[in-house]
Amino acid sequence: METQVLWDLLPEEFPYEDRGCELSPSCLNCPFPDCLEEEPWGKERFLKRRRAQRMLELKREGKSLKEIARIFEVSLRTVRRWLKVAEPASSPVIARSVSDESNL
């Protein structure tokens with residue numbers, strides 16, 4: 001009798017265990033279209049963007065930059081850098097080209 005190698009099994013016969021990750025408890029029910037753990041720096045990029053968005057929310061709630069730095073345990077410079085990145089992403093700006101200005 002011949003034993004089957006695991007990589008040669010049909011998908012329904014493969015002993016798959018859906019463990020998920022720290023971002024989602026299940027791979028099959030993950031909210032992301034592509035797995036962030038398979039992308040280079042995907043999870044880190046997501047967590048940093050989420051942190052920047054939270055910093056922006058706190059700023060809009062009236063917190064000072066010093067308070068935000070204390071909450072996230074980072075320097076004031078880091079808060080300024082991340083807010084600079086988060087602000088343009090949250091409010092799209094329509095830029096006119098030089099040709100549009102010449103027509104005015």
# chains A, B, ... in the order shown; residues from 1 in each chain; ligands from 1
>>> select_by_dssp(residues="segment 15-72 of chain A", states="alpha helix (DSSP H)", output="PyMOL selection string")
chain A and resi 42-60+65-72
>>> atom_distance(atom1="atom CA of Leu47 of chain A", atom2="atom CA of Leu23 of chain A")
9.3 Å
>>> atom_distance(atom1="atom CA of Pro31 of chain A", atom2="atom CA of Ala52 of chain A")
20.0 Å
>>> residues_around(residues="Phe72 of chain A", least_positions_apart="6", cutoff="9 Å", atoms="only C-alpha atoms", output="number ranges by chain")
A: 51, 55, 79
>>> write_last_selection(atoms="N, CA and C atoms", output="PDB file, in the first residue's frame")
ATOM      1  N   ARG A  51      -2.303  53.403  14.046  1.00  0.00           N
ATOM      2  CA  ARG A  51      -1.815  54.254  15.133  1.00  0.00           C
ATOM      3  C   ARG A  51      -1.876  55.726  14.714  1.00  0.00           C
ATOM      4  N   MET A  55      -3.976  58.788  16.400  1.00  0.00           N
ATOM      5  CA  MET A  55      -3.352  60.051  16.824  1.00  0.00           C
ATOM      6  C   MET A  55      -4.124  61.236  16.251  1.00  0.00           C
ATOM      7  N   VAL A  79       5.101  61.988  16.942  1.00  0.00           N
ATOM      8  CA  VAL A  79       3.692  62.373  16.806  1.00  0.00           C
ATOM      9  C   VAL A  79       3.532  63.343  15.642  1.00  0.00           C
TER      10      VAL A  79
END
>>> atom_distance(atom1="atom CA of Glu87 of chain A", atom2="atom CA of Gln53 of chain A")
8.4 Å
